[in-house]
2 protein chains.
Amino acid sequence: MPKVSKRGLSMPSSPIRKLFPFADKARKEGKKIYQLNIGQPDIATPKEAFDAVKNTDLEVLAYSPSEGYEWYRDKIAGYYKGLGLEISSREIIVTAGASEALNFVMNSCFDPEDEIIVPEPFYANYNGFSKAGNIRVKPITASIESGFALPPMEDFEKEISSSTKGILICNPSNPTGYLYSKEELEVLKNIVLKHDLFLLVDEVYREFVYDGKSHTSVLSLEGLENHAIVFDSVSKRYSACGARIGMIISKNNEVMQAALKFAQARLSPPTMGQIMGAAMTTVSPSYIHEAIEEYDKRRKICIERLSAMEGVICPHPGGAFYLFVKLPVDSTENFCKWMLESFDHEGETVLMAPGAGFYASEGLGEQEARIAYVLNEKDLHRAMDCLEAGLKAYNNR
Amino acid sequence: MPKVSKRGLSMPSSPIRKLFPFADKARKEGKKIYQLNIGQPDIATPKEAFDAVKNTDLEVLAYSPSEGYEWYRDKIAGYYKGLGLEISSREIIVTAGASEALNFVMNSCFDPEDEIIVPEPFYANYNGFSKAGNIRVKPITASIESGFALPPMEDFEKEISSSTKGILICNPSNPTGYLYSKEELEVLKNIVLKHDLFLLVDEVYREFVYDGKSHTSVLSLEGLENHAIVFDSVSKRYSACGARIGMIISKNNEVMQAALKFAQARLSPPTMGQIMGAAMTTVSPSYIHEAIEEYDKRRKICIERLSAMEGVICPHPGGAFYLFVKLPVDSTENFCKWMLESFDHEGETVLMAPGAGFYASEGLGEQEARIAYVLNEKDLHRAMDCLEAGLKAYNNR
């Protein structure tokens with residue numbers, strides 16, 4: 001029997017998935033599980049998006065251009081204009097989700113053995129795409145005590161070698177919710193200009209910012225035109241994860257030309273998703289405002305409830321819809337498993353994402369966990385009740 | 001300015017695309033172009049597929065499972081049962097088109113520097129995915145004189161080294177239309193069993209067979225359960241290239257587990273495409289029968305017209321919707337360009353795919369071209385008129 005490849009064997013499993021079998025078992029036993037483990041929004045996708053596919057008069061569902069339909073890229077450019085950013089349709093490639101965007105850019109910018117610096121904890125799939133492309137992730141640890149702020153410039157410079165080709169951040173961050181300030185982006189700008197690196201920024205959560213703060217896109221920084229590459233997506237903004245519509249935005253023409261060749265090899269992004277995506281650009285701004293208000297309410301509930309739990313450390317992040325917390329347990333992986341296997345609070349329990357899987361450095365994040373506040377207020381309160389009772393019971397067992 | 005990667009620079013451009021700028025210019029000059037260059041069917045997508053998305057009552061367009069919805073994989077299993085093949089839903093991973101399926105399988109089965117043997121001419125994007133994964137394509141040349149039949153076993157064995165991990169064919173073939181016989185598949189079976197190789201078979205055109213012939217799926221060959229990996233897609237079968245729904249089918253559990261990890265890294269295949277794909281499995285068999293009849297009429301027109309042109313060699317392939325022909329010109333690339341730039345027949349011309357791009361061996365296919373018969377009968381006749389007139393004028397210029 002022929003053997004699968006070493007790279008196939010070494011592809012990491014998502015930290016979220018390890019617990020799925022335990023959750024399945026708990027469900028079979030009749031437990032209700034509040035899922036705080038995945039970034040799947042519960043907010044309704046805009047009706048305009050569904051109407052657009054319902055009203056289509058297409059007869060042949062044909063390939064789109066590999067870079068995406070021009071009428072859609074024009075609308076994306078219009079969306080960026082609304083953010084005060086001048087992006088032409090030539091500076092946009094539509095992809096099957098931000099995941100594919102990341103994959104194309106990783107392959108376009110990095111050769112095997114090249115290094116990319118990523119502040120940890122970071123979105124676990126960054127590991128997957130790096131591994132698949134044989135790119136080395138060099139983590140720089142951000143601390144929960146600083147609320148996961150950008151580590152100091154020295155920490156970056158310590159890791160930069162002749163193999164370093166870029167830095168990758170997520171702003172606001174999945175998994176920490178941390179919103180990078182303009183000043184922090186300026187620090188990164190100085191580093192990438194000094195060392196001639198790419199600066200890859202995942203901005204799929206850019207609308208979700210709170211406490212009157214505002215998001216600075218790396219695309220707004222002067223002098224970074226040839227360095228900045230942005231990943232974007234309709235998934236979170238419009239609760240449309242299943243559309244599989246993401247995009248690469250960059251003014252670096254060489255990168256866009258290379259990425260286009262990867263895009264051409266896979267032929268085209270989904271046509272229905274592009275029809276829906278174009279309709280989403282016509283959605284009233286109130287849709288996003290209401291979503292932000294809703295998430296902000298949930299964020300406040302979680303922060304208030306978590307901060308009141310003994311021994312829990314909960315930073316107050318400014319964006320996205322995640323909290324990355326420290327729990328008073330030996331291991332959040334063990335605790336999360338136990339919550340599914342051996343605990344219930346009035347027949348209910350919670351599922352969270354254990355923190356270690358978001359770190360590349362061995363041994364870090366063992367006591368941390370990511371909480372996605374993608375449930376309504378009532379359910380969130382119930383979930384917090386479960387967590388609170390669970391923490392007490394776990395440590396008294 | 002940071003430099004793009006070597007792998008980004010070395011990604012091949014599709015042979016179809018080189019001529020796009022010339023076609024754009026010709027169109028601007030008012031020429032009508034009959035496009036015989038791409039495998040984009042003109043036949044209407046089943047109404048059931050559009051109705052399915054029109055009738056959806058989804059409120060949140062959510063991620064699907066990474067391997068695809070179980071209700072869709074069950075329907076795919078049912079489709080295979082209809083072909084007499086026992087495939088369980090666990091032996092299916094739904095992908096964003098057969099392209100993504102190919103990409104996952106390439107990475108799951110082959111490490112960098114591993115070799116894969118592919119009879120040439122072959123679908124040009126096989127090159128792209130191999131290049132992206134740093135996998136070496138070893139071509140074995142099939143000849144136009146034999147109608148592009150499978151080269152003899154000795155040719156394969158000459159190329160097999162300790163780095164060889166698999167063989168890849170497309171059956172029936174894009175770009176040649178050649179339909180591999182059961183006997184030829186048995187030859188391949190013997191080779192892969194003897195040398196412990198994977199046998200990757202792209203069967204996306206399996207329904208499109210003519211002259212009373214029938215298609216043998218590699219999945220029906222006993223003893224190949226751990227070797228055979230099939231790529232499938234709704235794109236050609238149901239004229240739904242824009243749905244971006246393909247699939248990996250294999251009984252090799254290790255391969256499926258590795259491929260699933262690549263699938264998990266990109267989260268999920270398109271939800272709307274899966275809804276449409278499920279509806280396609282309910283389409284009356286008459287849909288496919290009528291499509292086959294239509295393509296067969298076109299095939300006969302092309303073969304008859306091409307065979308009547310002086311100096312043209314046109315094999316009579318048994319499947320797909322392509323012909324791979326030899327033209328009496330110095331170079332089909334030059335000829336195709338000239339047809340766009342310097343020729344018209346009553347204001348019209350044709351666009352074909354030059355043959356060299358379908359070969360990995362340098363210098364082969366210079367006088368060959370791929371013709372996709374994806375136009376209606378009337379247009380096909382007009383296109384053949386143009387080609388006939390063009391060949392005369394080119395050689396008398």
# chains A, B, ... in the order shown; residues from 1 in each chain; ligands from 1
>>> residues_around(residues="Val312 in chain B", least_positions_apart="4", cutoff="8 Å", atoms="only C-alpha atoms", output="ChimeraX atom specification")
/B:306-308,325-328
>>> residues_around(residues="Thr164 in chain B", least_positions_apart="3", cutoff="12 Å", atoms="only C-alpha atoms", output="MDAnalysis selection string")
(chainID A and resid 2:3) or (chainID B and resid 109:118 135:138 156:161 167:168 191:192 195:199)
>>> closest_atom_pairs(of="range 179-266 of chain B", to="range 263-275 of chain A", cutoff="6 Å", atoms="only C-alpha atoms", output="Markdown table")
| residue | atom | partner | partner_atom | distance |
| --- | --- | --- | --- | --- |
| B:Gly242 | CA | A:Thr271 | CA | 4.9 |
| B:Ala243 | CA | A:Pro270 | CA | 5.7 |
| B:Arg244 | CA | A:Pro270 | CA | 5.5 |
>>> write_last_selection(atoms="all heavy atoms", output="PDB file, in the first residue's frame")
ATOM      1  N   GLY B 242     -19.225  27.149 -12.488  1.00  0.00           N
ATOM      2  CA  GLY B 242     -19.165  28.224 -11.496  1.00  0.00           C
ATOM      3  C   GLY B 242     -19.633  27.820 -10.112  1.00  0.00           C
ATOM      4  O   GLY B 242     -19.498  28.595  -9.163  1.00  0.00           O
ATOM      5  N   ALA B 243     -20.183  26.598  -9.982  1.00  0.00           N
ATOM      6  CA  ALA B 243     -20.618  26.133  -8.651  1.00  0.00           C
ATOM      7  C   ALA B 243     -19.414  25.882  -7.758  1.00  0.00           C
ATOM      8  O   ALA B 243     -19.485  26.005  -6.548  1.00  0.00           O
ATOM      9  CB  ALA B 243     -21.449  24.862  -8.766  1.00  0.00           C
ATOM     10  N   ARG B 244     -18.279  25.550  -8.351  1.00  0.00           N
ATOM     11  CA  ARG B 244     -17.038  25.176  -7.647  1.00  0.00           C
ATOM     12  C   ARG B 244     -17.324  24.033  -6.679  1.00  0.00           C
ATOM     13  O   ARG B 244     -17.096  24.139  -5.466  1.00  0.00           O
ATOM     14  CB  ARG B 244     -16.384  26.373  -6.931  1.00  0.00           C
ATOM     15  CG  ARG B 244     -16.118  27.601  -7.765  1.00  0.00           C
ATOM     16  CD  ARG B 244     -15.570  27.324  -9.155  1.00  0.00           C
ATOM     17  NE  ARG B 244     -14.233  26.759  -9.162  1.00  0.00           N
ATOM     18  CZ  ARG B 244     -13.889  25.733  -9.940  1.00  0.00           C
ATOM     19  NH1 ARG B 244     -14.761  25.124 -10.739  1.00  0.00           N
ATOM     20  NH2 ARG B 244     -12.663  25.279  -9.923  1.00  0.00           N
TER      21      ARG B 244
END
>>> residues_around(residues="range 349-357 of chain A", least_positions_apart="3", cutoff="8 Å", atoms="only C-alpha atoms", output="PyMOL selection string")
chain A and resi 14-16+23+31-38+121+124+324+332-333+336+339-340+343-345+360+363-372+383+386-387
>>> select_by_dssp(residues="range 112-340 of chain A", states="helix (DSSP H, G or I)", output="ChimeraX atom specification")
/A:125-132,144-146,153-159,182-195,218-220,241-243,253-265,271-280,285-307,332-340
>>> residues_around(residues="Leu85 in chain B", least_positions_apart="3", cutoff="9 Å", atoms="only C-alpha atoms", output="list of chain:residue names")
B:Ala77, B:Tyr79, B:Tyr80, B:Lys81, B:Gly82, B:Ser217, B:Leu219, B:Ser220
>>> residues_around(residues="range 6-12 of chain A", least_positions_apart="5", cutoff="10 Å", atoms="only C-alpha atoms", output="ChimeraX atom specification")
/A:124-125,127-134,357 /B:104-112,254-255,257-262,264-265
>>> write_last_selection(atoms="N, CA, C and O atoms", output="tab-separated table (two decimals), in the first residue's frame")
chain	number	residue	atom	x	y	z
A	124	ALA	N	-5.08	29.42	14.30
A	124	ALA	CA	-4.36	28.16	14.15
A	124	ALA	C	-4.15	27.74	12.70
A	124	ALA	O	-3.14	27.09	12.39
A	125	ASN	N	-5.04	28.12	11.80
A	125	ASN	CA	-4.85	27.68	10.42
A	125	ASN	C	-3.66	28.35	9.73
A	125	ASN	O	-3.23	27.89	8.68
A	127	ASN	N	-0.84	28.09	10.81
A	127	ASN	CA	0.08	26.96	10.91
A	127	ASN	C	-0.11	25.99	9.75
A	127	ASN	O	0.85	25.51	9.18
A	128	GLY	N	-1.36	25.69	9.44
A	128	GLY	CA	-1.67	24.73	8.39
A	128	GLY	C	-1.14	25.18	7.04
A	128	GLY	O	-0.47	24.41	6.34
A	129	PHE	N	-1.41	26.43	6.70
A	129	PHE	CA	-0.96	26.91	5.39
A	129	PHE	C	0.56	27.01	5.33
A	129	PHE	O	1.16	26.78	4.28
A	130	SER	N	1.19	27.37	6.45
A	130	SER	CA	2.65	27.45	6.47
A	130	SER	C	3.23	26.06	6.28
A	130	SER	O	4.13	25.84	5.47
A	131	LYS	N	2.68	25.11	7.02
A	131	LYS	CA	3.14	23.72	6.95
A	131	LYS	C	2.98	23.20	5.51
A	131	LYS	O	3.89	22.58	4.96
A	132	ALA	N	1.82	23.44	4.93
A	132	ALA	CA	1.56	22.95	3.58
A	132	ALA	C	2.58	23.52	2.60
A	132	ALA	O	3.00	22.84	1.66
A	133	GLY	N	3.01	24.76	2.82
A	133	GLY	CA	3.95	25.40	1.91
A	133	GLY	C	5.39	25.27	2.37
A	133	GLY	O	6.29	25.86	1.78
A	134	ASN	N	5.60	24.49	3.46
A	134	ASN	CA	6.94	24.31	4.02
A	134	ASN	C	7.59	25.65	4.39
A	134	ASN	O	8.77	25.89	4.13
A	357	GLY	N	-3.40	25.33	21.35
A	357	GLY	CA	-3.39	25.18	19.89
A	357	GLY	C	-3.20	26.47	19.13
A	357	GLY	O	-2.96	26.45	17.92
B	104	PHE	N	-5.36	19.02	-3.01
B	104	PHE	CA	-5.28	18.31	-1.72
B	104	PHE	C	-4.61	16.94	-1.89
B	104	PHE	O	-3.80	16.53	-1.06
B	105	VAL	N	-4.98	16.24	-2.95
B	105	VAL	CA	-4.45	14.88	-3.13
B	105	VAL	C	-2.96	14.93	-3.47
B	105	VAL	O	-2.17	14.13	-2.98
B	106	MET	N	-2.58	15.88	-4.31
B	106	MET	CA	-1.16	16.04	-4.65
B	106	MET	C	-0.35	16.22	-3.37
B	106	MET	O	0.69	15.57	-3.17
B	107	ASN	N	-0.83	17.11	-2.48
B	107	ASN	CA	-0.10	17.38	-1.25
B	107	ASN	C	-0.17	16.21	-0.25
B	107	ASN	O	0.74	16.03	0.54
B	108	SER	N	-1.26	15.45	-0.33
B	108	SER	CA	-1.42	14.33	0.61
B	108	SER	C	-0.59	13.13	0.21
B	108	SER	O	-0.19	12.35	1.07
B	109	CYS	N	-0.35	12.95	-1.08
B	109	CYS	CA	0.34	11.75	-1.55
B	109	CYS	C	1.81	11.97	-1.88
B	109	CYS	O	2.58	11.02	-1.89
B	110	PHE	N	2.19	13.20	-2.18
B	110	PHE	CA	3.53	13.45	-2.70
B	110	PHE	C	4.28	14.45	-1.83
B	110	PHE	O	3.73	15.48	-1.45
B	111	ASP	N	5.53	14.14	-1.55
B	111	ASP	CA	6.41	15.09	-0.89
B	111	ASP	C	7.20	15.85	-1.96
B	111	ASP	O	7.28	15.42	-3.12
B	112	PRO	N	7.81	16.98	-1.57
B	112	PRO	CA	8.65	17.72	-2.51
B	112	PRO	C	9.69	16.77	-3.15
B	112	PRO	O	10.25	15.92	-2.45
B	254	GLU	N	-6.05	6.41	4.77
B	254	GLU	CA	-4.93	7.30	5.14
B	254	GLU	C	-4.89	8.53	4.25
B	254	GLU	O	-4.65	9.64	4.72
B	255	VAL	N	-5.11	8.31	2.96
B	255	VAL	CA	-5.14	9.44	2.02
B	255	VAL	C	-6.30	10.38	2.37
B	255	VAL	O	-6.13	11.61	2.41
B	257	GLN	N	-7.73	10.82	5.24
B	257	GLN	CA	-7.44	11.52	6.49
B	257	GLN	C	-6.47	12.68	6.28
B	257	GLN	O	-6.64	13.75	6.85
B	258	ALA	N	-5.46	12.45	5.43
B	258	ALA	CA	-4.51	13.53	5.14
B	258	ALA	C	-5.20	14.63	4.35
B	258	ALA	O	-5.07	15.82	4.66
B	259	ALA	N	-5.98	14.25	3.34
B	259	ALA	CA	-6.68	15.24	2.52
B	259	ALA	C	-7.64	16.06	3.38
B	259	ALA	O	-7.81	17.27	3.19
B	260	LEU	N	-8.25	15.39	4.36
B	260	LEU	CA	-9.19	16.08	5.24
B	260	LEU	C	-8.50	17.20	6.03
B	260	LEU	O	-9.09	18.24	6.29
B	261	LYS	N	-7.23	16.96	6.39
B	261	LYS	CA	-6.52	18.01	7.13
B	261	LYS	C	-6.30	19.25	6.26
B	261	LYS	O	-6.42	20.38	6.74
B	262	PHE	N	-6.00	19.02	4.97
B	262	PHE	CA	-5.89	20.18	4.06
B	262	PHE	C	-7.27	20.84	3.92
B	262	PHE	O	-7.38	22.06	3.87
B	264	GLN	N	-9.62	20.88	6.16
B	264	GLN	CA	-9.94	21.59	7.40
B	264	GLN	C	-9.24	22.94	7.45
B	264	GLN	O	-9.81	23.92	7.94
B	265	ALA	N	-8.01	23.00	6.93
B	265	ALA	CA	-7.27	24.27	6.96
B	265	ALA	C	-8.01	25.34	6.16
B	265	ALA	O	-7.99	26.51	6.53
>>> decode(residues="range 215-228 of chain B", atoms="all heavy atoms", output="mmCIF file, in the first residue's frame")
data_model
loop_
_atom_site.group_PDB
_atom_site.id
_atom_site.type_symbol
_atom_site.label_atom_id
_atom_site.label_comp_id
_atom_site.auth_asym_id
_atom_site.auth_seq_id
_atom_site.Cartn_x
_atom_site.Cartn_y
_atom_site.Cartn_z
ATOM 1 N N HIS B 215 -17.687 3.762 -20.239
ATOM 2 C CA HIS B 215 -16.583 4.231 -19.409
ATOM 3 C C HIS B 215 -16.328 3.253 -18.267
ATOM 4 O O HIS B 215 -17.268 2.785 -17.619
ATOM 5 C CB HIS B 215 -16.943 5.601 -18.822
ATOM 6 C CG HIS B 215 -15.908 6.143 -17.873
ATOM 7 N ND1 HIS B 215 -16.024 6.011 -16.501
ATOM 8 C CD2 HIS B 215 -14.745 6.777 -18.102
ATOM 9 C CE1 HIS B 215 -14.961 6.576 -15.929
ATOM 10 N NE2 HIS B 215 -14.182 7.046 -16.876
ATOM 11 N N THR B 216 -15.072 2.934 -18.044
ATOM 12 C CA THR B 216 -14.709 2.106 -16.892
ATOM 13 C C THR B 216 -14.090 2.998 -15.834
ATOM 14 O O THR B 216 -13.055 3.629 -16.075
ATOM 15 C CB THR B 216 -13.672 1.037 -17.296
ATOM 16 O OG1 THR B 216 -14.212 0.269 -18.365
ATOM 17 C CG2 THR B 216 -13.360 0.127 -16.119
ATOM 18 N N SER B 217 -14.735 3.055 -14.679
ATOM 19 C CA SER B 217 -14.144 3.832 -13.583
ATOM 20 C C SER B 217 -13.053 3.009 -12.929
ATOM 21 O O SER B 217 -13.196 1.798 -12.736
ATOM 22 C CB SER B 217 -15.201 4.193 -12.546
ATOM 23 O OG SER B 217 -14.555 4.778 -11.421
ATOM 24 N N VAL B 218 -11.981 3.663 -12.558
ATOM 25 C CA VAL B 218 -10.896 2.972 -11.853
ATOM 26 C C VAL B 218 -11.399 2.420 -10.515
ATOM 27 O O VAL B 218 -10.823 1.476 -9.963
ATOM 28 C CB VAL B 218 -9.681 3.913 -11.673
ATOM 29 C CG1 VAL B 218 -9.976 4.972 -10.617
ATOM 30 C CG2 VAL B 218 -8.425 3.141 -11.302
ATOM 31 N N LEU B 219 -12.503 2.998 -10.037
ATOM 32 C CA LEU B 219 -13.081 2.537 -8.768
ATOM 33 C C LEU B 219 -13.691 1.149 -8.888
ATOM 34 O O LEU B 219 -13.955 0.485 -7.886
ATOM 35 C CB LEU B 219 -14.148 3.526 -8.280
ATOM 36 C CG LEU B 219 -13.644 4.935 -7.943
ATOM 37 C CD1 LEU B 219 -14.816 5.894 -7.783
ATOM 38 C CD2 LEU B 219 -12.789 4.919 -6.680
ATOM 39 N N SER B 220 -13.911 0.696 -10.129
ATOM 40 C CA SER B 220 -14.520 -0.631 -10.312
ATOM 41 C C SER B 220 -13.476 -1.741 -10.375
ATOM 42 O O SER B 220 -13.821 -2.920 -10.415
ATOM 43 C CB SER B 220 -15.353 -0.639 -11.599
ATOM 44 O OG SER B 220 -14.500 -0.586 -12.736
ATOM 45 N N LEU B 221 -12.193 -1.370 -10.397
ATOM 46 C CA LEU B 221 -11.132 -2.390 -10.520
ATOM 47 C C LEU B 221 -10.789 -2.993 -9.161
ATOM 48 O O LEU B 221 -10.376 -2.281 -8.242
ATOM 49 C CB LEU B 221 -9.869 -1.776 -11.143
ATOM 50 C CG LEU B 221 -9.771 -1.881 -12.665
ATOM 51 C CD1 LEU B 221 -10.965 -1.227 -13.348
ATOM 52 C CD2 LEU B 221 -8.476 -1.274 -13.173
ATOM 53 N N GLU B 222 -10.959 -4.292 -9.064
ATOM 54 C CA GLU B 222 -10.693 -4.964 -7.788
ATOM 55 C C GLU B 222 -9.207 -4.965 -7.455
ATOM 56 O O GLU B 222 -8.362 -5.110 -8.340
ATOM 57 C CB GLU B 222 -11.180 -6.409 -7.853
ATOM 58 C CG GLU B 222 -12.560 -6.550 -7.239
ATOM 59 C CD GLU B 222 -13.086 -7.959 -7.368
ATOM 60 O OE1 GLU B 222 -12.402 -8.892 -6.886
ATOM 61 O OE2 GLU B 222 -14.167 -8.109 -7.969
ATOM 62 N N GLY B 223 -8.906 -4.810 -6.186
ATOM 63 C CA GLY B 223 -7.512 -4.858 -5.745
ATOM 64 C C GLY B 223 -6.830 -3.503 -5.755
ATOM 65 O O GLY B 223 -5.688 -3.375 -5.338
ATOM 66 N N LEU B 224 -7.551 -2.473 -6.252
ATOM 67 C CA LEU B 224 -6.940 -1.137 -6.320
ATOM 68 C C LEU B 224 -7.443 -0.212 -5.205
ATOM 69 O O LEU B 224 -7.159 0.984 -5.229
ATOM 70 C CB LEU B 224 -7.228 -0.490 -7.671
ATOM 71 C CG LEU B 224 -6.291 -0.841 -8.823
ATOM 72 C CD1 LEU B 224 -6.571 0.054 -10.025
ATOM 73 C CD2 LEU B 224 -4.821 -0.670 -8.390
ATOM 74 N N GLU B 225 -8.183 -0.778 -4.257
ATOM 75 C CA GLU B 225 -8.836 0.046 -3.223
ATOM 76 C C GLU B 225 -7.871 1.008 -2.532
ATOM 77 O O GLU B 225 -8.233 2.146 -2.240
ATOM 78 C CB GLU B 225 -9.512 -0.847 -2.166
ATOM 79 C CG GLU B 225 -10.740 -1.604 -2.648
ATOM 80 C CD GLU B 225 -10.438 -2.781 -3.577
ATOM 81 O OE1 GLU B 225 -9.238 -3.152 -3.704
ATOM 82 O OE2 GLU B 225 -11.371 -3.321 -4.196
ATOM 83 N N ASN B 226 -6.653 0.566 -2.271
ATOM 84 C CA ASN B 226 -5.704 1.431 -1.571
ATOM 85 C C ASN B 226 -4.856 2.281 -2.504
ATOM 86 O O ASN B 226 -4.038 3.088 -2.050
ATOM 87 C CB ASN B 226 -4.784 0.595 -0.675
ATOM 88 C CG ASN B 226 -5.489 0.207 0.604
ATOM 89 O OD1 ASN B 226 -6.214 1.019 1.172
ATOM 90 N ND2 ASN B 226 -5.301 -1.030 1.037
ATOM 91 N N HIS B 227 -5.046 2.104 -3.801
ATOM 92 C CA HIS B 227 -4.221 2.812 -4.786
ATOM 93 C C HIS B 227 -4.992 3.890 -5.541
ATOM 94 O O HIS B 227 -4.434 4.911 -5.919
ATOM 95 C CB HIS B 227 -3.630 1.800 -5.784
ATOM 96 C CG HIS B 227 -2.778 0.760 -5.140
ATOM 97 N ND1 HIS B 227 -1.409 0.823 -5.149
ATOM 98 C CD2 HIS B 227 -3.080 -0.351 -4.427
ATOM 99 C CE1 HIS B 227 -0.907 -0.211 -4.483
ATOM 100 N NE2 HIS B 227 -1.911 -0.944 -4.034
ATOM 101 N N ALA B 228 -6.271 3.616 -5.775
ATOM 102 C CA ALA B 228 -7.050 4.489 -6.657
ATOM 103 C C ALA B 228 -7.594 5.708 -5.922
ATOM 104 O O ALA B 228 -8.161 5.594 -4.835
ATOM 105 C CB ALA B 228 -8.204 3.700 -7.266
#
